[in-house]
$ cat my_file.txt   # compact mmCIF, C-alpha atoms
# COMPACT_ATOMS: atom_id res chain seq x y z
CA MET Q 1384 0.00 0.00 0.00
CA ASN Q 1385 1.22 3.44 -0.92
CA PHE Q 1386 0.16 6.04 1.59
CA SER Q 1387 0.03 9.75 0.89
CA SER Q 1388 0.80 10.44 4.54
CA LYS Q 1389 3.54 9.13 6.82
CA LEU Q 1390 1.40 9.76 9.90
CA LEU Q 1391 -1.39 7.66 8.46
CA GLU Q 1392 1.04 4.93 7.46
CA ASN Q 1393 2.53 4.80 10.98
CA ALA Q 1394 -0.90 4.48 12.54
CA VAL Q 1395 -1.89 1.74 10.11
CA ASN Q 1396 1.36 -0.14 10.79
CA GLU Q 1397 0.77 -0.04 14.54
CA VAL Q 1398 -2.88 -1.07 14.37
CA SER Q 1399 -2.20 -3.90 11.91
CA GLN Q 1400 0.09 -5.53 14.47
CA LEU Q 1401 -2.96 -6.50 16.51
CA PRO Q 1402 -4.05 -10.12 16.08
CA GLY Q 1403 -6.63 -10.71 13.35
CA ILE Q 1404 -6.30 -7.19 11.94
CA GLY Q 1405 -4.79 -6.88 8.50
CA ARG Q 1406 -3.64 -3.71 6.78
CA ARG Q 1407 -6.95 -3.11 5.04
CA THR Q 1408 -8.93 -3.38 8.28
CA ALA Q 1409 -6.35 -1.22 10.04
CA LEU Q 1410 -6.78 1.47 7.39
CA ARG Q 1411 -10.56 1.33 7.80
CA LEU Q 1412 -10.26 1.71 11.59
CA VAL Q 1413 -7.74 4.51 11.36
CA LEU Q 1414 -9.84 6.46 8.82
CA HIS Q 1415 -12.72 6.12 11.26
CA LEU Q 1416 -10.58 7.76 13.94
CA LEU Q 1417 -9.93 10.69 11.60
CA ARG Q 1418 -13.66 11.19 11.09
CA ARG Q 1419 -14.54 11.52 14.77
CA PRO Q 1420 -13.45 14.22 17.25
CA ASN Q 1421 -9.77 14.07 18.23
CA GLU Q 1422 -10.56 13.84 21.96
CA GLN Q 1423 -12.13 10.44 21.44
CA THR Q 1424 -8.86 9.13 20.04
CA HIS Q 1425 -6.94 10.71 22.92
CA GLN Q 1426 -9.28 8.91 25.30
CA LEU Q 1427 -8.71 5.62 23.51
CA ALA Q 1428 -4.95 6.11 23.61
CA SER Q 1429 -4.86 7.01 27.29
CA ALA Q 1430 -7.17 4.14 28.25
CA LEU Q 1431 -4.74 1.72 26.60
CA ASN Q 1432 -1.67 3.38 28.13
CA GLU Q 1433 -3.15 3.47 31.63
CA MET Q 1434 -4.21 -0.12 31.36
CA VAL Q 1435 -0.84 -1.55 30.40
CA ASP Q 1436 0.96 0.67 32.90
CA SER Q 1437 -1.22 0.19 35.97
CA ILE Q 1438 -2.86 -3.20 35.71
CA LYS Q 1439 -1.89 -5.87 38.21
CA ASN Q 1440 -2.29 -9.59 38.61
CA CYS Q 1441 -3.98 -10.82 41.77
CA LYS Q 1442 -1.18 -12.22 43.94
CA LYS Q 1443 -3.31 -15.21 44.86
CA CYS Q 1444 -5.19 -16.34 41.75
CA HIS Q 1445 -3.10 -14.41 39.15
CA ASN Q 1446 -6.23 -13.02 37.51
CA ILE Q 1447 -6.11 -9.50 36.04
CA SER Q 1448 -7.03 -6.98 38.73
CA ASP Q 1449 -6.66 -3.32 39.69
CA VAL Q 1450 -5.59 -4.22 43.20
CA GLU Q 1451 -3.21 -6.66 44.90
CA LEU Q 1452 -5.94 -9.11 45.85
CA CYS Q 1453 -8.83 -9.51 43.39
CA GLU Q 1454 -12.48 -9.21 44.37
CA ILE Q 1455 -13.11 -12.94 44.25
CA CYS Q 1456 -10.08 -13.88 46.35
CA ALA Q 1457 -10.89 -11.07 48.83
CA SER Q 1458 -14.51 -12.13 49.23
CA ASN Q 1459 -15.69 -13.90 52.40
CA ASN Q 1460 -18.42 -15.77 50.54
CA ARG Q 1461 -16.02 -17.90 48.54
CA ASN Q 1462 -14.85 -21.38 49.48
CA GLU Q 1463 -11.08 -21.15 49.15
CA GLU Q 1464 -10.69 -24.92 49.42
CA ILE Q 1465 -12.17 -25.47 45.96
CA VAL Q 1466 -9.97 -24.10 43.18
CA CYS Q 1467 -11.00 -23.95 39.56
CA VAL Q 1468 -8.00 -23.97 37.20
CA VAL Q 1469 -8.58 -21.85 34.07
CA GLU Q 1470 -6.49 -20.45 31.26
CA ASP Q 1471 -7.26 -16.72 31.42
CA ILE Q 1472 -9.63 -13.99 32.57
CA ARG Q 1473 -12.17 -14.80 29.85
CA ASP Q 1474 -12.76 -18.22 31.37
CA VAL Q 1475 -13.22 -16.66 34.81
CA MET Q 1476 -15.80 -14.25 33.35
CA ALA Q 1477 -17.61 -17.11 31.60
CA ILE Q 1478 -17.80 -19.28 34.73
CA GLU Q 1479 -18.75 -16.31 36.94
CA SER Q 1480 -21.65 -15.49 34.66
CA THR Q 1481 -23.14 -18.96 35.34
CA ALA Q 1482 -23.32 -18.11 39.08
CA GLN Q 1483 -22.84 -21.86 39.74
CA PHE Q 1484 -19.35 -21.78 41.22
CA LYS Q 1485 -18.68 -20.63 44.74
CA GLY Q 1486 -15.02 -21.56 45.00
CA VAL Q 1487 -12.01 -19.55 43.87
CA TYR Q 1488 -9.94 -19.57 40.67
CA HIS Q 1489 -6.39 -20.14 39.67
CA VAL Q 1490 -5.48 -18.45 36.38
CA LEU Q 1491 -2.66 -20.24 34.57
CA GLY Q 1492 -2.04 -17.55 31.97
CA GLY Q 1493 -2.01 -20.04 29.10
CA LYS Q 1494 -1.64 -23.72 28.29
CA ILE Q 1495 1.46 -25.84 27.90
CA SER Q 1496 2.23 -25.64 24.18
CA PRO Q 1497 5.67 -26.66 22.95
CA MET Q 1498 4.71 -25.44 19.47
CA GLU Q 1499 4.33 -21.89 20.77
CA GLY Q 1500 7.25 -22.18 23.18
CA VAL Q 1501 5.07 -22.19 26.30
CA GLY Q 1502 6.40 -24.56 28.95
CA PRO Q 1503 5.18 -25.23 32.51
CA GLN Q 1504 7.63 -22.63 33.81
CA ASN Q 1505 5.83 -19.90 31.82
CA LEU Q 1506 2.56 -20.61 33.61
CA THR Q 1507 1.56 -20.15 37.24
CA ILE Q 1508 1.67 -23.89 37.94
CA GLU Q 1509 4.33 -23.61 40.64
CA SER Q 1510 2.15 -21.24 42.63
CA LEU Q 1511 -0.76 -23.72 42.41
CA VAL Q 1512 1.48 -26.55 43.62
CA GLY Q 1513 2.62 -24.30 46.47
CA LYS Q 1514 -0.98 -23.69 47.54
CA ALA Q 1515 -1.67 -27.43 47.42
CA LYS Q 1516 1.43 -28.22 49.47
CA SER Q 1517 0.42 -25.70 52.12
CA GLY Q 1518 -2.75 -27.77 52.57
CA SER Q 1519 -5.19 -24.96 51.77
CA ILE Q 1520 -6.79 -26.77 48.82
CA LYS Q 1521 -9.22 -29.70 49.03
CA GLU Q 1522 -10.37 -29.92 45.43
CA VAL Q 1523 -9.00 -28.77 42.11
CA ILE Q 1524 -11.40 -28.51 39.14
CA PHE Q 1525 -9.75 -28.48 35.72
CA ALA Q 1526 -11.63 -26.17 33.36
CA LEU Q 1527 -9.22 -25.85 30.44
CA SER Q 1528 -10.41 -26.25 26.88
CA SER Q 1529 -10.36 -29.87 25.72
CA THR Q 1530 -7.62 -29.52 23.14
CA MET Q 1531 -4.33 -31.36 23.03
CA GLU Q 1532 -2.68 -28.44 24.88
CA GLY Q 1533 -5.44 -28.33 27.48
CA ASP Q 1534 -5.25 -32.07 28.12
CA THR Q 1535 -1.45 -31.92 28.36
CA THR Q 1536 -1.64 -29.10 30.88
CA ASN Q 1537 -4.29 -30.92 32.93
CA PHE Q 1538 -2.14 -34.03 33.02
CA TYR Q 1539 1.01 -32.14 33.94
CA ILE Q 1540 -0.73 -30.48 36.89
CA TYR Q 1541 -2.33 -33.81 37.84
CA ARG Q 1542 1.13 -35.38 38.13
CA GLN Q 1543 2.41 -32.45 40.18
CA LEU Q 1544 -0.48 -32.58 42.65
CA GLU Q 1545 -0.61 -36.38 42.91
CA GLY Q 1546 -0.17 -37.59 46.49
CA LEU Q 1547 -0.84 -34.17 48.05
CA GLY Q 1548 -4.33 -35.24 49.16
CA VAL Q 1549 -6.12 -33.01 46.69
CA THR Q 1550 -9.26 -34.28 44.93
CA MET Q 1551 -9.00 -33.54 41.24
CA SER Q 1552 -11.96 -33.30 38.88
CA THR Q 1553 -12.61 -31.96 35.41
CA ILE Q 1554 -15.70 -30.19 34.12
CA ALA Q 1555 -18.23 -32.46 32.39
CA ARG Q 1556 -18.01 -32.83 28.61
CA GLY Q 1557 -21.22 -33.74 26.84
CA ILE Q 1558 -24.02 -32.62 24.60
CA SER Q 1559 -24.88 -28.92 25.00
CA VAL Q 1560 -28.22 -28.23 26.64
CA GLY Q 1561 -30.79 -27.79 23.87
CA ASP Q 1562 -28.66 -29.49 21.19
CA GLU Q 1563 -29.96 -32.21 18.87
CA LEU Q 1564 -28.15 -35.55 19.15
CA GLU Q 1565 -27.91 -36.05 15.39
CA TYR Q 1566 -25.68 -33.00 14.98
CA ALA Q 1567 -23.33 -33.79 17.87
CA ASP Q 1568 -19.85 -35.05 17.01
CA GLU Q 1569 -19.13 -38.69 17.78
CA VAL Q 1570 -16.40 -38.11 20.35
CA THR Q 1571 -18.60 -35.84 22.47
CA LEU Q 1572 -21.63 -38.11 22.12
CA GLY Q 1573 -19.52 -41.16 23.00
CA ARG Q 1574 -18.09 -39.45 26.08
CA SER Q 1575 -21.54 -38.32 27.17
CA ILE Q 1576 -22.66 -41.97 27.23
CA ILE Q 1577 -19.59 -43.23 29.07
CA ASN Q 1578 -19.87 -40.43 31.64
CA ARG Q 1579 -23.64 -40.69 32.05
CA ILE Q 1580 -25.02 -39.48 35.36
CA PRO Q 1581 -27.81 -40.90 37.57
CA PHE Q 1582 -31.14 -39.52 36.32
CA GLU Q 1583 -32.03 -38.17 39.77
CA ASN Q 1584 -28.91 -35.96 39.67
CA SER Q 1585 -30.00 -34.39 36.40
CA LEU Q 1586 -33.28 -33.34 37.99
CA GLN Q 1587 -31.50 -31.10 40.50
CA ASN Q 1588 -30.34 -28.57 37.96
CA MET S 689 -19.64 -8.66 30.79
CA ASN S 690 -18.38 -8.44 34.33
CA PHE S 691 -14.78 -7.29 34.48
CA SER S 692 -12.53 -7.83 37.45
CA SER S 693 -10.65 -4.65 36.56
CA LYS S 694 -11.89 -1.14 35.86
CA LEU S 695 -8.79 -0.37 33.77
CA LEU S 696 -9.46 -3.37 31.58
CA GLU S 697 -13.13 -2.45 31.27
CA ASN S 698 -12.27 1.12 30.21
CA ALA S 699 -9.89 -0.12 27.55
CA VAL S 700 -12.46 -2.61 26.24
CA ASN S 701 -15.14 0.09 26.15
CA GLU S 702 -12.92 2.38 24.13
CA VAL S 703 -11.77 -0.26 21.67
CA SER S 704 -15.29 -1.62 21.14
CA GLN S 705 -16.38 1.80 19.85
CA LEU S 706 -14.41 1.15 16.67
CA PRO S 707 -16.53 0.03 13.72
CA GLY S 708 -16.91 -3.73 13.34
CA ILE S 709 -15.34 -4.48 16.72
CA GLY S 710 -17.64 -5.93 19.36
CA ARG S 711 -16.90 -6.33 23.05
CA ARG S 712 -15.57 -9.87 22.70
CA THR S 713 -13.12 -8.90 19.97
CA ALA S 714 -12.16 -5.80 21.95
CA LEU S 715 -11.36 -7.97 24.98
CA ARG S 716 -9.25 -10.27 22.83
CA LEU S 717 -7.29 -7.32 21.40
CA VAL S 718 -6.82 -5.70 24.78
CA LEU S 719 -5.60 -8.95 26.39
CA HIS S 720 -3.11 -9.19 23.54
CA LEU S 721 -1.80 -5.74 24.49
CA LEU S 722 -1.27 -6.95 28.06
CA ARG S 723 0.80 -9.88 26.84
CA ARG S 724 3.31 -7.81 24.89
CA PRO S 725 5.82 -5.23 26.15
CA ASN S 726 4.23 -1.97 27.40
CA GLU S 727 6.32 0.19 25.05
CA GLN S 728 4.56 -1.31 22.06
CA THR S 729 1.23 -0.11 23.38
CA HIS S 730 2.72 3.34 24.08
CA GLN S 731 3.90 3.41 20.47
CA LEU S 732 0.44 2.46 19.23
CA ALA S 733 -1.17 5.14 21.39
CA SER S 734 1.20 7.88 20.32
CA ALA S 735 0.93 6.94 16.63
CA LEU S 736 -2.85 7.38 16.87
CA ASN S 737 -2.58 10.64 18.85
CA GLU S 738 0.00 12.16 16.50
CA MET S 739 -2.05 11.18 13.50
CA VAL S 740 -5.31 12.78 14.59
CA ASP S 741 -3.49 15.88 15.87
CA SER S 742 -1.16 16.59 12.96
CA ILE S 743 -2.75 15.21 9.83
CA LYS S 744 -3.89 17.66 7.16
CA ASN S 745 -6.04 17.61 4.08
CA CYS S 746 -4.44 18.72 0.82
CA LYS S 747 -5.84 22.19 0.14
CA LYS S 748 -6.32 21.34 -3.52
CA CYS S 749 -7.64 17.77 -3.74
CA HIS S 750 -8.67 17.35 -0.07
CA ASN S 751 -6.86 14.04 0.19
CA ILE S 752 -5.22 13.12 3.50
CA SER S 753 -1.67 14.46 3.57
CA ASP S 754 1.13 15.45 5.93
CA VAL S 755 1.67 18.73 4.09
CA GLU S 756 -0.45 21.56 2.70
CA LEU S 757 -0.23 20.34 -0.88
CA CYS S 758 -0.17 16.56 -1.41
CA GLU S 759 2.45 14.74 -3.46
CA ILE S 760 0.14 14.17 -6.41
CA CYS S 761 -1.07 17.79 -6.61
CA ALA S 762 2.49 19.07 -6.19
CA SER S 763 3.87 16.81 -8.94
CA ASN S 764 4.83 18.25 -12.34
CA ASN S 765 4.07 15.01 -14.14
CA ARG S 766 0.35 15.19 -13.54
CA ASN S 767 -2.20 16.62 -15.92
CA GLU S 768 -4.22 19.00 -13.75
CA GLU S 769 -6.89 19.38 -16.40
CA ILE S 770 -8.19 15.83 -15.84
CA VAL S 771 -9.76 15.39 -12.42
CA CYS S 772 -10.89 12.03 -11.04
CA VAL S 773 -13.65 12.41 -8.43
CA VAL S 774 -13.41 9.78 -5.65
CA GLU S 775 -14.90 9.19 -2.24
CA ASP S 776 -11.85 8.83 -0.01
CA ILE S 777 -8.15 8.10 0.23
CA ARG S 778 -8.68 4.36 -0.29
CA ASP S 779 -9.99 4.99 -3.79
CA VAL S 780 -6.99 7.20 -4.55
CA MET S 781 -4.67 4.40 -3.38
CA ALA S 782 -6.55 1.84 -5.48
CA ILE S 783 -6.41 3.93 -8.65
CA GLU S 784 -2.78 4.94 -8.06
CA SER S 785 -1.80 1.30 -7.81
CA THR S 786 -3.06 0.70 -11.36
CA ALA S 787 -0.56 3.30 -12.66
CA GLN S 788 -3.08 4.04 -15.46
CA PHE S 789 -4.15 7.52 -14.40
CA LYS S 790 -1.97 10.55 -14.95
CA GLY S 791 -4.44 13.25 -13.95
CA VAL S 792 -5.19 14.54 -10.45
CA TYR S 793 -7.86 13.66 -7.90
CA HIS S 794 -10.66 15.38 -6.07
CA VAL S 795 -11.58 13.65 -2.80
CA LEU S 796 -15.20 14.26 -1.82
CA GLY S 797 -14.93 12.83 1.70
CA GLY S 798 -18.07 10.74 1.29
CA LYS S 799 -21.21 10.35 -0.77
CA ILE S 800 -24.52 12.17 -0.58
CA SER S 801 -26.60 10.01 1.77
CA PRO S 802 -29.75 11.49 3.32
CA MET S 803 -30.07 8.31 5.43
CA GLU S 804 -26.77 9.05 7.16
CA GLY S 805 -27.37 12.80 7.18
CA VAL S 806 -24.67 13.55 4.61
CA GLY S 807 -25.71 16.34 2.25
CA PRO S 808 -23.80 18.09 -0.55
CA GLN S 809 -22.67 20.78 1.89
CA ASN S 810 -20.80 18.12 3.94
CA LEU S 811 -18.68 17.16 0.94
CA THR S 812 -16.06 19.11 -0.98
CA ILE S 813 -18.35 19.63 -3.98
CA GLU S 814 -18.24 23.42 -3.77
CA SER S 815 -14.47 23.39 -4.10
CA LEU S 816 -14.77 21.19 -7.21
CA VAL S 817 -17.31 23.54 -8.76
CA GLY S 818 -14.97 26.43 -7.95
CA LYS S 819 -12.12 24.75 -9.81
CA ALA S 820 -14.40 24.11 -12.78
CA LYS S 821 -15.59 27.72 -12.84
CA SER S 822 -12.00 28.99 -12.80
CA GLY S 823 -11.55 27.07 -16.06
CA SER S 824 -8.71 24.89 -14.88
CA ILE S 825 -10.55 21.61 -15.54
CA LYS S 826 -11.17 20.03 -18.94
CA GLU S 827 -12.47 16.62 -17.91
CA VAL S 828 -14.03 15.19 -14.78
CA ILE S 829 -14.03 11.38 -14.33
CA PHE S 830 -16.56 10.05 -11.83
CA ALA S 831 -15.11 7.07 -9.92
CA LEU S 832 -17.62 6.64 -7.10
CA SER S 833 -19.01 3.22 -6.24
CA SER S 834 -22.10 2.34 -8.26
CA THR S 835 -24.57 2.39 -5.39
CA MET S 836 -27.65 4.55 -5.06
CA GLU S 837 -25.60 7.08 -3.04
CA GLY S 838 -22.79 7.05 -5.57
CA ASP S 839 -25.17 7.58 -8.48
CA THR S 840 -26.95 10.40 -6.63
CA THR S 841 -23.66 12.13 -5.93
CA ASN S 842 -22.52 11.76 -9.55
CA PHE S 843 -25.78 13.25 -10.79
CA TYR S 844 -25.68 16.14 -8.30
CA ILE S 845 -22.16 17.08 -9.40
CA TYR S 846 -23.15 16.60 -13.05
CA ARG S 847 -25.93 19.18 -12.65
CA GLN S 848 -23.57 21.60 -10.90
CA LEU S 849 -20.92 21.40 -13.61
CA GLU S 850 -23.33 21.43 -16.57
CA GLY S 851 -22.65 24.26 -18.98
CA LEU S 852 -19.21 25.02 -17.58
CA GLY S 853 -17.57 23.41 -20.60
CA VAL S 854 -16.26 20.40 -18.68
CA THR S 855 -16.33 16.94 -20.27
CA MET S 856 -17.77 14.47 -17.79
CA SER S 857 -17.19 10.72 -17.93
CA THR S 858 -17.63 7.79 -15.60
CA ILE S 859 -15.38 4.75 -15.21
CA ALA S 860 -16.46 1.72 -17.23
CA ARG S 861 -18.68 -0.88 -15.56
CA GLY S 862 -18.47 -4.39 -16.92
CA ILE S 863 -17.30 -7.92 -16.39
CA SER S 864 -14.08 -8.16 -14.36
CA VAL S 865 -11.03 -9.24 -16.31
CA GLY S 866 -10.70 -13.02 -15.88
CA ASP S 867 -14.31 -13.54 -14.76
CA GLU S 868 -16.65 -16.17 -16.19
CA LEU S 869 -19.79 -14.79 -17.84
CA GLU S 870 -22.08 -17.37 -16.23
CA TYR S 871 -21.35 -16.03 -12.74
CA ALA S 872 -21.76 -12.34 -13.59
CA ASP S 873 -24.92 -10.59 -12.37
CA GLU S 874 -27.44 -9.64 -15.05
CA VAL S 875 -27.23 -5.87 -14.56
CA THR S 876 -23.48 -5.81 -15.01
CA LEU S 877 -23.60 -8.19 -17.98
CA GLY S 878 -26.40 -6.16 -19.57
CA ARG S 879 -24.48 -2.92 -19.17
CA SER S 880 -21.32 -4.48 -20.57
CA ILE S 881 -23.23 -5.29 -23.77
CA ILE S 882 -24.83 -1.87 -24.09
CA ASN S 883 -21.51 -0.14 -23.46
CA ARG S 884 -19.48 -2.45 -25.69
CA ILE S 885 -16.28 -1.00 -27.12
CA PRO S 886 -14.68 -1.33 -30.57
CA PHE S 887 -12.58 -4.50 -30.60
CA GLU S 888 -9.49 -2.58 -31.73
CA ASN S 889 -9.67 -0.45 -28.60
CA SER S 890 -9.60 -3.53 -26.38
CA LEU S 891 -6.33 -4.61 -28.01
CA GLN S 892 -4.54 -1.50 -26.76
CA ASN S 893 -4.62 -2.48 -23.10

$ encode --input "my_file.txt" --output "structure tokens"
Amino acid sequence: MNFSSKLLENAVNEVSQLPGIGRRTALRLVLHLLRRPNEQTHQLASALNEMVDSIKNCKKCHNISDVELCEICASNNRNEEIVCVVEDIRDVMAIESTAQFKGVYHVLGGKISPMEGVGPQNLTIESLVGKAKSGSIKEVIFALSSTMEGDTTNFYIYRQLEGLGVTMSTIARGISVGDELEYADEVTLGRSIINRIPFENSLQN
Amino acid sequence: MNFSSKLLENAVNEVSQLPGIGRRTALRLVLHLLRRPNEQTHQLASALNEMVDSIKNCKKCHNISDVELCEICASNNRNEEIVCVVEDIRDVMAIESTAQFKGVYHVLGGKISPMEGVGPQNLTIESLVGKAKSGSIKEVIFALSSTMEGDTTNFYIYRQLEGLGVTMSTIARGISVGDELEYADEVTLGRSIINRIPFENSLQN
């Protein structure tokens, strides 16, 4: 692309470094900025700057937070003995919105992925093992996505926590509520039969 | 969405105001910013700020430019008597990349669209009429998109320039080079037959 303006080109270059945004989309976004009042762009810029400069990770669960100890970890209504292991803040938000979980979280910050150069030492696994060793955890619930990387990470943590007297469970995989059986993939359908639950239990939800 | 951090929420709110970016995509982009070095986000922010604060419009063609008179208007190799009327800088970039046009441009800044509240007074039509009245233009080429708004804008300008001794033409509509006839829409195919050109002319390209 041949830009008539260096300023425009710089802005497009910066925006197109974001994931999933190519140069054409970047140009469209940047031209939109030029069409609206300058203050709005200043606000955008300072919101981004403030965020990266001032944001913290909760020292306990490693979730993104404005303060040292996040709201969930600081709450008295949470059972700190049940820890749900998730990949990042989006998973915490998803589980929180179900209002079904009253324990606390442990945010790994990713999954073990040799392809992307992410090893166990890049995640917050050591801190989780530390908590388990201190005896403050009774149950760990694995809630990572069921991909190869997720399964690897689950298994790695499982081996680390083995013998520490921690119950380990994983969230149920099965047919989505409301889904038709004929459209479900075989692996999920197969697992949902193997892991069937007593009918009385299903009535409680 | 329930954010654990006000700073994160602010950033997501700002980013999700961009066109075509919802809150989920905004969160994904913003989390990406948190994963990379802070300086990169500062660079992004200052590129956007500098752009909106310092960018100019060429005083002659109204295209986006860093200087008072854009490169194309300032060039000696351009025929200033042939003016191509386009909507915005993207059209200029598209036509420039063909290297087939040696005239200059006139950037309208949009199309007449009563639905979006854009009238002729919001565009740079007056400046184009001024140029035509001063006698510096011999031919105007309309290169707006062939939508209702584009056609309206073409016709409005046509009426304004009528009788000023300016030749007015519009870019050819037809089947794309390399396209199969069977997949072309009927309107385009119909027009391409009505506006057929002498075979010898087609050999020149």

$ residues_around --input "my_file.txt" --residues "region 708-721 of chain S" --least-positions-apart "2" --cutoff "8 Å" --atoms "only C-alpha atoms" --output "number ranges by chain"
Q: 1401-1402, 1431, 1435; S: 696, 699-701, 703-706, 723-726, 729

$ interface_residues --input "my_file.txt" --of "chain Q" --to "chain S" --cutoff "6 Å" --atoms "only C-alpha atoms" --output "MDAnalysis selection string"
chainID Q and resid 1387:1388 1390 1394 1397 1417 1421 1425 1427:1428 1430:1432 1434:1435 1448:1449

$ axis_aligned_box --input "my_file.txt" --around "region 755-773 of chain S" --padding-each-side "5 Å" --output "lines of an AutoDock Vina configuration file"
center_x = -4.4
center_y = 16.8
center_z = -6.2
size_x = 28.5
size_y = 19.5
size_z = 30.5

$ residues_around --input "my_file.txt" --residues "Gly1557 (chain Q)" --least-positions-apart "2" --cutoff "12 Å" --atoms "all atoms listed in the file" --output "PyMOL selection string"
chain Q and resi 1529+1554-1555+1559-1564+1567-1580

$ residues_around --input "my_file.txt" --residues "Lys748 (chain S)" --least-positions-apart "2" --cutoff "10 Å" --atoms "all atoms listed in the file" --output "ChimeraX atom specification"
/S:745-746,750-751,756-758,761-762,792-795,815-816,819

$ atom_distance --input "my_file.txt" --atom1 "CA of Glu827 (chain S)" --atom2 "CA of Asn842 (chain S)"
13.9 Å

$ atom_distance --input "my_file.txt" --atom1 "CA of Glu1464 (chain Q)" --atom2 "CA of Gly1486 (chain Q)"
7.0 Å

$ atom_distance --input "my_file.txt" --atom1 "CA of Val771 (chain S)" --atom2 "CA of Pro808 (chain S)"
18.6 Å
